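Data block for input_19.cif (mmCIF, C-alpha atoms):
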data_structure
#
loop_
_atom_site.label_atom_id
_atom_site.label_comp_id
_atom_site.auth_asym_id
_atom_site.auth_seq_id
_atom_site.Cartn_x
_atom_site.Cartn_y
_atom_site.Cartn_z
CA MET A 1 39.60 -41.25 -10.99
CA THR A 2 41.25 -43.16 -8.15
CA ASP A 3 40.58 -46.73 -7.08
CA ALA A 4 38.51 -45.36 -4.22
CA HIS A 5 36.36 -43.35 -6.60
CA GLU A 6 35.96 -46.27 -9.00
CA THR A 7 34.87 -48.56 -6.18
CA ALA A 8 32.23 -46.14 -5.01
CA ALA A 9 31.27 -44.53 -8.30
CA ASP A 10 27.80 -46.05 -8.30
CA ARG A 11 27.22 -45.77 -4.56
CA SER A 12 24.59 -43.35 -3.38
CA LEU A 13 25.50 -41.14 -0.46
CA ARG A 14 24.65 -43.01 2.67
CA THR A 15 24.73 -42.88 6.44
CA THR A 16 26.85 -45.31 8.42
CA GLY A 17 27.00 -46.06 12.10
CA GLY A 18 27.67 -42.98 14.21
CA ALA A 19 25.05 -40.93 12.39
CA PRO A 20 21.36 -40.29 13.02
CA PRO A 21 19.39 -43.48 12.26
CA ASP A 22 16.73 -43.43 9.62
CA GLU A 23 13.06 -43.56 10.46
CA ALA A 24 13.21 -47.35 10.70
CA GLY A 25 15.88 -47.01 13.38
CA SER A 26 18.70 -48.49 11.31
CA SER A 27 21.80 -47.22 9.57
CA ALA A 28 24.16 -48.68 7.01
CA THR A 29 27.35 -50.36 8.24
CA GLU A 30 29.36 -50.81 5.03
CA ALA A 31 33.12 -50.54 5.50
CA PRO A 32 34.36 -47.01 4.69
CA ILE A 33 36.67 -46.53 1.70
CA PRO A 34 40.05 -44.78 2.09
CA LEU A 35 40.22 -41.62 -0.01
CA LEU A 36 43.81 -41.58 -1.17
CA GLU A 37 44.10 -39.07 -4.01
CA PRO A 38 42.17 -36.05 -5.33
CA ARG A 39 40.18 -36.83 -8.46
CA GLU A 40 42.33 -34.69 -10.75
CA GLY A 41 45.53 -35.21 -8.76
CA ILE A 42 47.27 -32.61 -6.62
CA PRO A 43 47.00 -29.20 -8.30
CA PRO A 44 50.04 -26.92 -8.40
CA VAL A 45 50.13 -24.27 -5.70
CA ILE A 46 49.06 -20.86 -7.03
CA ALA A 47 51.75 -18.39 -6.00
CA ASP A 48 51.79 -15.59 -8.61
CA ALA A 49 49.42 -13.05 -10.11
CA ALA A 50 49.06 -14.80 -13.48
CA ALA A 51 48.10 -18.15 -11.98
CA LEU A 52 45.75 -16.41 -9.56
CA ALA A 53 44.00 -14.59 -12.41
CA GLU A 54 43.46 -17.91 -14.19
CA ALA A 55 41.98 -19.41 -11.01
CA VAL A 56 39.66 -16.43 -10.50
CA ALA A 57 38.36 -16.80 -14.05
CA ALA A 58 37.89 -20.56 -13.65
CA PHE A 59 35.99 -20.28 -10.39
CA ALA A 60 33.87 -17.42 -11.67
CA ALA A 61 32.84 -19.67 -14.57
CA GLY A 62 32.19 -22.65 -12.29
CA THR A 63 28.74 -23.66 -11.13
CA GLY A 64 27.05 -24.44 -7.84
CA PRO A 65 28.43 -24.14 -4.32
CA VAL A 66 32.16 -23.65 -3.74
CA ALA A 67 34.01 -25.65 -1.07
CA VAL A 68 36.41 -23.44 0.89
CA ASP A 69 39.01 -24.30 3.53
CA ALA A 70 42.06 -22.60 5.01
CA GLU A 71 45.13 -23.88 6.82
CA ARG A 72 46.74 -21.87 9.61
CA ALA A 73 49.97 -22.37 11.55
CA SER A 74 48.51 -22.37 15.05
CA GLY A 75 51.16 -23.23 17.60
CA TYR A 76 53.95 -22.16 15.26
CA ARG A 77 53.29 -18.58 14.16
CA TYR A 78 51.89 -15.45 15.78
CA GLY A 79 48.22 -14.87 15.06
CA GLN A 80 45.78 -16.89 12.99
CA ARG A 81 46.59 -15.89 9.42
CA ALA A 82 45.96 -18.29 6.55
CA TYR A 83 48.96 -20.03 4.99
CA LEU A 84 47.03 -22.05 2.40
CA VAL A 85 43.56 -21.62 0.94
CA GLN A 86 41.81 -24.54 -0.76
CA LEU A 87 38.76 -24.27 -3.02
CA ARG A 88 36.77 -26.66 -5.16
CA ARG A 89 33.83 -25.98 -7.47
CA ALA A 90 32.08 -27.86 -10.25
CA GLY A 91 33.58 -26.80 -13.57
CA ALA A 92 36.69 -25.36 -11.92
CA GLY A 93 38.19 -28.30 -10.06
CA THR A 94 40.41 -27.80 -7.02
CA ALA A 95 42.75 -24.86 -6.38
CA LEU A 96 45.45 -24.50 -3.74
CA ILE A 97 46.44 -20.86 -3.21
CA ASP A 98 49.42 -19.53 -1.27
CA PRO A 99 48.12 -16.40 0.51
CA VAL A 100 51.66 -15.44 1.51
CA ALA A 101 52.65 -15.04 -2.13
CA CYS A 102 49.13 -13.81 -3.07
CA PRO A 103 48.02 -11.82 -0.01
CA ASP A 104 45.07 -10.08 -1.70
CA LEU A 105 42.34 -12.52 -2.70
CA SER A 106 39.58 -9.91 -2.84
CA GLY A 107 39.26 -10.50 -6.60
CA LEU A 108 38.52 -14.16 -5.95
CA GLY A 109 36.11 -13.22 -3.19
CA GLU A 110 34.31 -10.86 -5.57
CA ALA A 111 34.13 -13.56 -8.26
CA LEU A 112 32.45 -15.88 -5.75
CA LYS A 113 30.18 -13.31 -4.09
CA ASP A 114 26.99 -14.85 -5.52
CA ALA A 115 27.99 -18.45 -4.75
CA GLU A 116 27.18 -20.39 -1.61
CA TRP A 117 30.40 -21.14 0.26
CA VAL A 118 30.65 -24.54 1.94
CA LEU A 119 32.93 -24.58 4.98
CA HIS A 120 33.44 -26.95 7.89
CA ALA A 121 33.42 -25.07 11.22
CA ALA A 122 33.06 -21.76 9.39
CA THR A 123 33.71 -19.51 12.38
CA GLN A 124 37.27 -20.89 12.63
CA ASP A 125 38.21 -20.00 9.04
CA LEU A 126 36.21 -16.84 8.36
CA PRO A 127 38.50 -14.47 10.33
CA CYS A 128 41.64 -15.47 8.41
CA LEU A 129 39.75 -15.49 5.11
CA ARG A 130 38.44 -12.00 5.84
CA GLU A 131 42.02 -10.78 6.31
CA ILE A 132 42.84 -11.69 2.70
CA GLY A 133 39.65 -10.28 1.19
CA MET A 134 37.40 -13.33 1.10
CA VAL A 135 34.01 -12.76 2.73
CA PRO A 136 30.98 -14.91 1.84
CA THR A 137 27.46 -13.57 1.54
CA ARG A 138 25.93 -17.06 1.78
CA LEU A 139 27.37 -20.15 3.39
CA PHE A 140 26.67 -23.71 4.47
CA ASP A 141 28.55 -24.94 7.54
CA THR A 142 28.83 -28.73 7.45
CA GLU A 143 29.95 -28.99 11.09
CA LEU A 144 27.00 -26.94 12.35
CA ALA A 145 24.67 -28.87 10.05
CA GLY A 146 25.92 -32.07 11.65
CA ARG A 147 25.25 -30.71 15.13
CA LEU A 148 21.72 -29.67 14.24
CA ALA A 149 21.08 -33.05 12.62
CA GLY A 150 22.18 -34.87 15.76
CA PHE A 151 25.46 -36.44 14.66
CA PRO A 152 27.49 -37.46 17.72
CA ARG A 153 30.86 -36.73 16.01
CA VAL A 154 31.09 -33.66 13.80
CA GLY A 155 34.77 -33.39 12.86
CA LEU A 156 35.29 -33.34 9.09
CA GLY A 157 36.83 -36.81 8.99
CA ALA A 158 34.07 -38.31 11.12
CA MET A 159 31.36 -36.64 9.04
CA VAL A 160 32.81 -37.70 5.69
CA GLU A 161 33.09 -41.25 6.98
CA SER A 162 29.66 -41.51 8.58
CA VAL A 163 27.75 -39.69 5.83
CA LEU A 164 29.66 -40.44 2.63
CA GLY A 165 31.51 -43.62 3.53
CA TYR A 166 35.07 -42.40 2.89
CA VAL A 167 38.05 -42.19 5.22
CA LEU A 168 40.12 -38.99 5.04
CA GLU A 169 43.76 -39.07 6.08
CA LYS A 170 44.05 -36.52 8.92
CA GLY A 171 47.71 -36.85 9.86
CA HIS A 172 48.72 -33.34 8.76
CA SER A 173 46.09 -31.23 10.51
CA ALA A 174 48.52 -29.79 13.07
CA VAL A 175 51.64 -29.26 10.95
CA ASP A 176 53.39 -25.94 10.41
CA TRP A 177 51.59 -24.66 7.31
CA SER A 178 53.95 -21.69 7.09
CA THR A 179 56.61 -24.13 5.81
CA ARG A 180 57.78 -23.37 2.28
CA PRO A 181 57.76 -25.24 0.00
CA LEU A 182 54.85 -27.28 1.31
CA PRO A 183 55.55 -31.03 1.11
CA GLU A 184 53.49 -33.03 -1.36
CA PRO A 185 51.77 -35.18 1.32
CA TRP A 186 50.52 -31.99 3.00
CA LEU A 187 49.19 -30.66 -0.30
CA ARG A 188 47.41 -33.96 -0.93
CA TYR A 189 45.80 -33.74 2.50
CA ALA A 190 44.78 -30.12 1.85
CA ALA A 191 43.20 -30.93 -1.52
CA LEU A 192 41.29 -33.88 -0.06
CA ASP A 193 39.81 -31.62 2.61
CA VAL A 194 37.67 -29.93 -0.06
CA GLU A 195 37.28 -32.97 -2.33
CA LEU A 196 33.96 -34.12 -0.87
CA LEU A 197 32.82 -31.02 0.98
CA VAL A 198 30.03 -30.17 -1.50
CA ASP A 199 28.91 -33.83 -1.53
CA LEU A 200 28.77 -33.69 2.26
CA ARG A 201 26.78 -30.46 2.09
CA ASP A 202 24.23 -32.03 -0.25
CA ALA A 203 23.80 -35.11 1.94
CA LEU A 204 23.41 -33.03 5.10
CA GLU A 205 20.91 -30.74 3.43
CA ALA A 206 18.81 -33.80 2.58
CA GLU A 207 19.10 -35.09 6.15
CA LEU A 208 18.11 -31.74 7.63
CA GLU A 209 15.16 -31.58 5.26
CA ARG A 210 14.12 -35.07 6.35
CA GLN A 211 14.23 -34.00 10.00
CA GLY A 212 12.37 -30.76 9.37
CA LYS A 213 15.40 -28.68 10.41
CA LEU A 214 16.62 -27.22 7.14
CA GLU A 215 15.10 -23.80 7.74
CA TRP A 216 16.66 -23.77 11.21
CA ALA A 217 20.07 -24.45 9.67
CA ARG A 218 19.59 -21.70 7.08
CA GLN A 219 18.87 -19.19 9.82
CA GLU A 220 22.05 -20.26 11.63
CA PHE A 221 24.14 -20.00 8.46
CA ASP A 222 22.72 -16.55 7.67
CA ALA A 223 23.59 -15.39 11.19
CA ILE A 224 27.21 -16.54 10.77
CA ALA A 225 27.55 -14.85 7.38
CA ALA A 226 26.07 -11.60 8.69
CA ALA A 227 28.07 -11.49 11.94
CA PRO A 228 30.60 -8.62 12.18
CA PRO A 229 34.24 -9.35 13.03
CA ALA A 230 34.73 -10.22 16.67
CA GLU A 231 35.75 -7.39 18.98
CA PRO A 232 39.26 -7.69 20.47
CA ARG A 233 39.18 -9.40 23.85
CA LYS A 234 39.44 -7.12 26.87
CA ASP A 235 42.40 -8.05 29.07
CA PRO A 236 43.42 -11.10 27.01
CA TRP A 237 46.19 -11.81 29.53
CA ARG A 238 43.50 -13.03 31.93
CA ARG A 239 43.13 -16.12 29.74
CA THR A 240 46.60 -17.32 30.72
CA SER A 241 46.32 -21.01 31.59
CA GLY A 242 46.57 -21.51 35.36
CA MET A 243 45.27 -18.04 36.27
CA HIS A 244 42.98 -19.57 38.90
CA LYS A 245 46.06 -19.96 41.12
CA VAL A 246 46.81 -16.22 41.05
CA ARG A 247 44.89 -14.35 43.73
CA ARG A 248 46.73 -11.19 44.75
CA ARG A 249 46.61 -8.03 42.66
CA ARG A 250 50.41 -7.66 42.63
CA GLN A 251 50.71 -11.17 41.26
CA LEU A 252 48.07 -10.37 38.64
CA ALA A 253 50.21 -7.39 37.59
CA VAL A 254 53.15 -9.73 37.06
CA VAL A 255 51.04 -11.99 34.85
CA ARG A 256 49.91 -8.99 32.84
CA GLU A 257 53.43 -7.58 32.41
CA LEU A 258 54.97 -10.92 31.44
CA TRP A 259 52.09 -11.71 29.07
CA GLU A 260 52.33 -8.35 27.31
CA THR A 261 56.13 -8.60 27.06
CA ARG A 262 55.82 -12.10 25.61
CA ASP A 263 53.19 -10.91 23.14
CA ARG A 264 55.40 -8.10 21.85
CA ILE A 265 58.30 -10.51 21.35
CA ALA A 266 56.12 -13.13 19.67
CA ARG A 267 54.59 -10.55 17.32
CA ARG A 268 58.04 -9.21 16.37
CA ARG A 269 59.43 -12.70 15.73
CA ASP A 270 56.21 -14.02 14.17
CA VAL A 271 56.18 -17.08 16.39
CA SER A 272 53.53 -18.56 18.65
CA PRO A 273 53.64 -16.88 22.10
CA GLY A 274 53.90 -20.31 23.70
CA LYS A 275 57.23 -20.82 21.95
CA VAL A 276 58.57 -17.65 23.58
CA LEU A 277 57.45 -18.43 27.14
CA GLY A 278 54.92 -20.92 28.43
CA ASP A 279 51.83 -19.98 30.43
CA ALA A 280 52.98 -22.19 33.29
CA ALA A 281 56.21 -20.19 33.59
CA ILE A 282 54.30 -16.90 33.67
CA VAL A 283 52.09 -18.14 36.50
CA GLU A 284 55.09 -19.58 38.36
CA ALA A 285 56.86 -16.22 38.26
CA ALA A 286 53.72 -14.37 39.37
CA LEU A 287 53.30 -16.62 42.40
CA ALA A 288 56.98 -16.45 43.38
CA LEU A 289 57.63 -12.73 42.76
CA PRO A 290 61.37 -13.43 42.32
CA PRO A 291 63.67 -10.65 43.59
CA ASN A 292 66.31 -11.08 40.86
CA ALA A 293 67.20 -12.98 37.69
CA HIS A 294 69.06 -15.64 39.67
CA ALA A 295 65.90 -16.47 41.61
CA LEU A 296 63.86 -16.37 38.42
CA ALA A 297 66.21 -18.90 36.78
CA ALA A 298 65.39 -21.38 39.54
CA LEU A 299 61.69 -21.42 38.60
CA ASN A 300 60.13 -23.96 36.25
CA GLY A 301 60.18 -22.73 32.68
CA PHE A 302 63.14 -20.38 33.10
CA GLY A 303 66.02 -22.81 33.72
CA ARG A 304 67.17 -22.96 30.08
CA VAL A 305 66.68 -19.26 29.32
CA ASN A 306 69.88 -17.36 28.52
CA ARG A 307 71.09 -14.51 30.68
CA ARG A 308 69.89 -11.69 28.43
CA GLN A 309 66.41 -13.17 28.20
CA LEU A 310 66.31 -13.79 31.95
CA GLU A 311 67.05 -10.14 32.55
CA GLN A 312 64.30 -9.21 30.11
CA TRP A 313 61.73 -11.33 32.01
CA GLN A 314 62.99 -10.11 35.37
CA ALA A 315 62.62 -6.52 34.19
CA ALA A 316 58.97 -7.26 33.44
CA VAL A 317 58.52 -8.71 36.94
CA ASP A 318 60.23 -5.66 38.45
CA ARG A 319 57.98 -3.27 36.53
CA ALA A 320 54.91 -5.02 37.94
CA LYS A 321 56.35 -4.99 41.46
CA ALA A 322 57.01 -1.23 41.22
CA LEU A 323 53.47 -0.27 40.18
CA PRO A 324 51.53 1.88 42.64
CA GLU A 325 48.45 0.25 44.16
CA ALA A 326 46.10 2.33 42.03
CA GLN A 327 47.55 0.83 38.83
CA LEU A 328 47.28 -2.80 39.88
CA PRO A 329 44.68 -4.80 37.96
CA PRO A 330 41.45 -5.62 39.80
CA PRO A 331 40.89 -9.25 40.86
CA GLY A 332 38.44 -9.82 38.03
CA GLN A 333 36.82 -8.11 35.08
CA PRO A 334 33.58 -6.19 35.60
CA VAL A 335 30.70 -8.60 35.17
CA THR A 336 27.76 -7.63 33.02
CA GLY A 337 24.56 -9.58 33.30
CA PRO A 338 23.66 -12.19 35.90
CA PRO A 339 26.06 -13.36 38.62
CA PRO A 340 27.58 -16.85 38.39
CA PRO A 341 24.83 -19.48 38.80
CA ARG A 342 26.52 -20.93 41.88
CA ALA A 343 25.71 -17.67 43.71
CA TRP A 344 22.03 -17.60 42.78
CA ALA A 345 20.79 -19.72 45.67
CA ASP A 346 22.10 -17.13 48.15
CA LYS A 347 21.35 -13.99 46.16
CA ASP A 348 17.92 -14.91 44.80
CA PRO A 349 16.51 -18.38 45.64
CA ALA A 350 13.50 -17.81 43.37
CA ALA A 351 15.78 -17.11 40.40
CA ALA A 352 17.81 -20.21 41.25
CA ALA A 353 14.62 -22.28 41.15
CA ARG A 354 13.66 -20.75 37.79
CA LEU A 355 17.08 -21.52 36.34
CA SER A 356 16.97 -25.11 37.57
CA ALA A 357 13.57 -25.65 35.99
CA ALA A 358 14.57 -23.91 32.76
CA ARG A 359 17.79 -25.90 32.40
CA ALA A 360 15.96 -29.18 32.87
CA ALA A 361 13.28 -28.19 30.35
CA VAL A 362 15.76 -27.00 27.72
CA THR A 363 17.87 -30.13 28.14
CA ALA A 364 14.81 -32.35 27.68
CA LEU A 365 13.78 -30.40 24.58
CA ALA A 366 17.28 -30.65 23.09
CA GLU A 367 17.21 -34.40 23.61
CA ARG A 368 13.83 -34.66 21.88
CA LEU A 369 15.14 -32.59 18.97
CA ALA A 370 18.39 -34.63 18.86
CA MET A 371 20.83 -31.72 19.04
CA PRO A 372 23.28 -30.26 21.57
CA GLN A 373 21.60 -27.99 24.09
CA GLU A 374 23.95 -25.09 23.28
CA ASN A 375 22.82 -25.18 19.64
CA LEU A 376 19.18 -25.09 20.68
CA ILE A 377 19.75 -21.99 22.82
CA THR A 378 22.87 -20.58 24.45
CA PRO A 379 23.17 -21.18 28.21
CA ASP A 380 23.92 -17.47 28.67
CA THR A 381 20.56 -16.55 27.12
CA VAL A 382 18.73 -18.94 29.45
CA ARG A 383 20.53 -17.44 32.46
CA ARG A 384 19.71 -13.87 31.47
CA VAL A 385 16.02 -14.59 30.94
CA CYS A 386 15.78 -16.49 34.24
CA TRP A 387 17.61 -13.81 36.25
CA GLU A 388 15.38 -10.99 35.02
CA PRO A 389 12.27 -12.63 33.56
CA PRO A 390 9.84 -10.44 31.64
CA GLN A 391 6.63 -9.49 33.38
CA PRO A 392 4.27 -11.06 32.77
CA ALA A 393 6.21 -14.16 31.69
CA ASP A 394 3.87 -15.02 28.85
CA ALA A 395 4.67 -16.32 25.39
CA ALA A 396 4.90 -12.90 23.75
CA SER A 397 7.18 -11.34 26.37
CA VAL A 398 9.47 -14.38 26.65
CA ALA A 399 9.76 -14.58 22.88
CA ALA A 400 10.67 -10.90 22.75
CA ALA A 401 13.28 -11.37 25.48
CA LEU A 402 14.88 -14.28 23.63
CA ALA A 403 15.01 -12.26 20.42
CA ARG A 404 16.66 -9.33 22.24
CA HIS A 405 19.40 -11.68 23.40
CA GLY A 406 20.10 -12.80 19.83
CA ALA A 407 18.05 -15.99 19.52
CA ARG A 408 17.10 -16.85 15.96
CA PRO A 409 13.39 -17.15 15.05
CA TRP A 410 13.49 -20.95 15.04
CA GLN A 411 15.05 -20.96 18.51
CA VAL A 412 12.43 -18.53 19.79
CA GLU A 413 9.67 -20.75 18.42
CA GLN A 414 11.04 -23.92 19.97
CA VAL A 415 12.25 -22.61 23.33
CA THR A 416 9.54 -20.11 24.27
CA PRO A 417 6.93 -22.67 25.43
CA VAL A 418 9.31 -24.55 27.72
CA LEU A 419 10.75 -21.34 29.19
CA VAL A 420 7.27 -19.93 29.87
CA ALA A 421 6.41 -23.14 31.73
CA ALA A 422 9.64 -22.98 33.74
CA LEU A 423 9.28 -19.28 34.58
CA THR A 424 5.67 -19.60 35.72
CA ALA A 425 5.93 -22.92 37.56
CA ASP A 426 5.18 -22.97 41.28
CA PRO A 427 8.51 -23.88 42.91
CA GLY A 428 6.67 -25.45 45.81
CA ALA A 429 4.48 -27.65 43.63
#
Have the structure of the file written as structure tokens, please.
Amino acid sequence: MTDAHETAADRSLRTTGGAPPDEAGSSATEAPIPLLEPREGIPPVIADAAALAEAVAAFAAGTGPVAVDAERASGYRYGQRAYLVQLRRAGAGTALIDPVACPDLSGLGEALKDAEWVLHAATQDLPCLREIGMVPTRLFDTELAGRLAGFPRVGLGAMVESVLGYVLEKGHSAVDWSTRPLPEPWLRYAALDVELLVDLRDALEAELERQGKLEWARQEFDAIAAAPPAEPRKDPWRRTSGMHKVRRRRQLAVVRELWETRDRIARRRDVSPGKVLGDAAIVEAALALPPNAHALAALNGFGRVNRRQLEQWQAAVDRAKALPEAQLPPPGQPVTGPPPPRAWADKDPAAAARLSAARAAVTALAERLAMPQENLITPDTVRRVCWEPPQPADAASVAAALARHGARPWQVEQVTPVLVAALTADPGA
């Protein structure tokens, strides 16, 4: 046990400033304690089949929820694969697993299939965990729990500090986790990320119960666990930063060709696409439509590129410039659902009035419930119901419409009354 643990061994979990006040309107303000070392020290990294088998057996024999985290190498490597997986469970301690050396963790996932997994910002880690065979059937998301409970800051460090009274060292969150061997300070940071995650879960569960929101949170967690893998984005090149400057279809074709060329290179090299060519350079080339590699070299982002690479990028520009008109990308993707809200006043003034009333009502309700409006109900759902409201706009039909758009039962229950009032209000009153 570290000095930090000894100091706080007899402390109860508590809420400090920056968290929802208690019913008396106050919150504790004790100085937070730095958490410097994992309780059992830094465990060795599991990087072979024998050590993995021991970990699987230990975690299968453990009890209670299991804290799970994963570290990626965003900004350094291509894709979002996991480069370290951390787990902690009562009776098993903490494990650090190298998923590069042990790429199939389906046996561990199977051993934990009946356990509740505790993650922070679960939707960020679940895709990379799924790739290595780890898929929870039940989970508790401490970030989402914090949002529903009304915490103003829901990062892991902020939550651990405000709820449990410890300070986590967060200096290694953006390092290159594909580095091998991983430095000891990084491993310490990784182990500490799951050190108090179950404690945080227990405290947040109690807070949600106190606020009458625990069932709401369970519905949200169940929805995350049951959600299928996300579909690949259509035309991902349209997310290039600075695309708003590109107007003409020929220029859009240049963005597409350069983006796809960059993506192929980045995938082959296993590096982040931004390290191959920046978004700003892609947009610059699309706007300029350079006639040759010499002109391309004069543009921002291409000045330090060697001759062979310049010719490669210029070839991509030339391919886009040679496309027939019929193969040029359209100015935008086909839009499903309502038009952008800024166009409503011209297209349908009555719908614009409904949306204005609904937004105000939902915002007021979110404030009363002490949670972000987007967690109460998604803005897209509100827009869709306001653009094509059910007829008649009574409680049953509005509730059915919300459910069709994916609202959970607790959201339907809370939001239906205010949406009915907004949809049936006299705009001239």
Neighbour list for Leu252 of chain A as a PyMOL selection string, cut-off 7 Å, all atoms listed in the file, skip fewer than 6 positions in-chain: chain A and resi 246+286+329
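Between atom CA of Ile97 of chain A and atom CA of Val175 of chain A there is a distance of 17.3 Å.
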Please write the residues picked by the PyMOL selection byres ((chain A and resi 414) around 10) on this file as a PyMOL selection string. chain A and resi 362+365-366+369+376-377+399+409-413+415-419
How would you write, as a ChimeraX atom specification, the residues chosen by the PyMOL selection byres ((chain A and resi 92) around 9) on this structure? /A:55,57-63,88-91,93-95
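Interatomic distance, atom CA of Thr240 of chain A to atom CA of Asp279 of chain A: 5.9 Å.
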Please report, as JSON lines, each residue of segment 49-163 of chain A lying at most 9 Å from segment 183-204 of chain A, together with the nearest pair of atoms and the separation in Å rounded to one decimal; use all atoms listed in the file, and order rows by chain and ascending residue number.
{"residue": "A:Pro65", "atom": "CA", "partner": "A:Val198", "partner_atom": "CA", "distance": 6.8}
{"residue": "A:Val66", "atom": "CA", "partner": "A:Val198", "partner_atom": "CA", "distance": 7.2}
{"residue": "A:Ala67", "atom": "CA", "partner": "A:Val194", "partner_atom": "CA", "distance": 5.7}
{"residue": "A:Val68", "atom": "CA", "partner": "A:Val194", "partner_atom": "CA", "distance": 6.7}
{"residue": "A:Asp69", "atom": "CA", "partner": "A:Val194", "partner_atom": "CA", "distance": 6.8}
{"residue": "A:Ala70", "atom": "CA", "partner": "A:Ala190", "partner_atom": "CA", "distance": 8.6}
{"residue": "A:Glu71", "atom": "CA", "partner": "A:Ala190", "partner_atom": "CA", "distance": 8.0}
{"residue": "A:Leu84", "atom": "CA", "partner": "A:Ala190", "partner_atom": "CA", "distance": 8.4}
{"residue": "A:Val85", "atom": "CA", "partner": "A:Ala190", "partner_atom": "CA", "distance": 8.6}
{"residue": "A:Gln86", "atom": "CA", "partner": "A:Ala191", "partner_atom": "CA", "distance": 6.6}
{"residue": "A:Leu87", "atom": "CA", "partner": "A:Val194", "partner_atom": "CA", "distance": 6.5}
{"residue": "A:Arg88", "atom": "CA", "partner": "A:Val194", "partner_atom": "CA", "distance": 6.1}
{"residue": "A:Arg89", "atom": "CA", "partner": "A:Val198", "partner_atom": "CA", "distance": 8.2}
{"residue": "A:Thr94", "atom": "CA", "partner": "A:Ala191", "partner_atom": "CA", "distance": 6.9}
{"residue": "A:Ala95", "atom": "CA", "partner": "A:Ala191", "partner_atom": "CA", "distance": 7.8}
{"residue": "A:Leu96", "atom": "CA", "partner": "A:Ala191", "partner_atom": "CA", "distance": 7.2}
{"residue": "A:Val118", "atom": "CA", "partner": "A:Val198", "partner_atom": "CA", "distance": 6.6}
{"residue": "A:Leu119", "atom": "CA", "partner": "A:Leu197", "partner_atom": "CA", "distance": 7.6}
{"residue": "A:His120", "atom": "CA", "partner": "A:Leu197", "partner_atom": "CA", "distance": 8.0}
{"residue": "A:Phe140", "atom": "CA", "partner": "A:Arg201", "partner_atom": "CA", "distance": 7.2}
{"residue": "A:Asp141", "atom": "CA", "partner": "A:Arg201", "partner_atom": "CA", "distance": 8.0}
{"residue": "A:Thr142", "atom": "CA", "partner": "A:Arg201", "partner_atom": "CA", "distance": 6.0}
{"residue": "A:Ala145", "atom": "CA", "partner": "A:Leu204", "partner_atom": "CA", "distance": 6.6}
{"residue": "A:Gly146", "atom": "CA", "partner": "A:Leu204", "partner_atom": "CA", "distance": 7.1}
{"residue": "A:Ala149", "atom": "CA", "partner": "A:Leu204", "partner_atom": "CA", "distance": 7.9}
{"residue": "A:Leu156", "atom": "CA", "partner": "A:Asp193", "partner_atom": "CA", "distance": 8.1}
{"residue": "A:Gly157", "atom": "CA", "partner": "A:Asp193", "partner_atom": "CA", "distance": 8.7}
{"residue": "A:Met159", "atom": "CA", "partner": "A:Leu200", "partner_atom": "CA", "distance": 7.8}
{"residue": "A:Val160", "atom": "CA", "partner": "A:Leu200", "partner_atom": "CA", "distance": 6.6}
{"residue": "A:Val163", "atom": "CA", "partner": "A:Leu200", "partner_atom": "CA", "distance": 7.1}
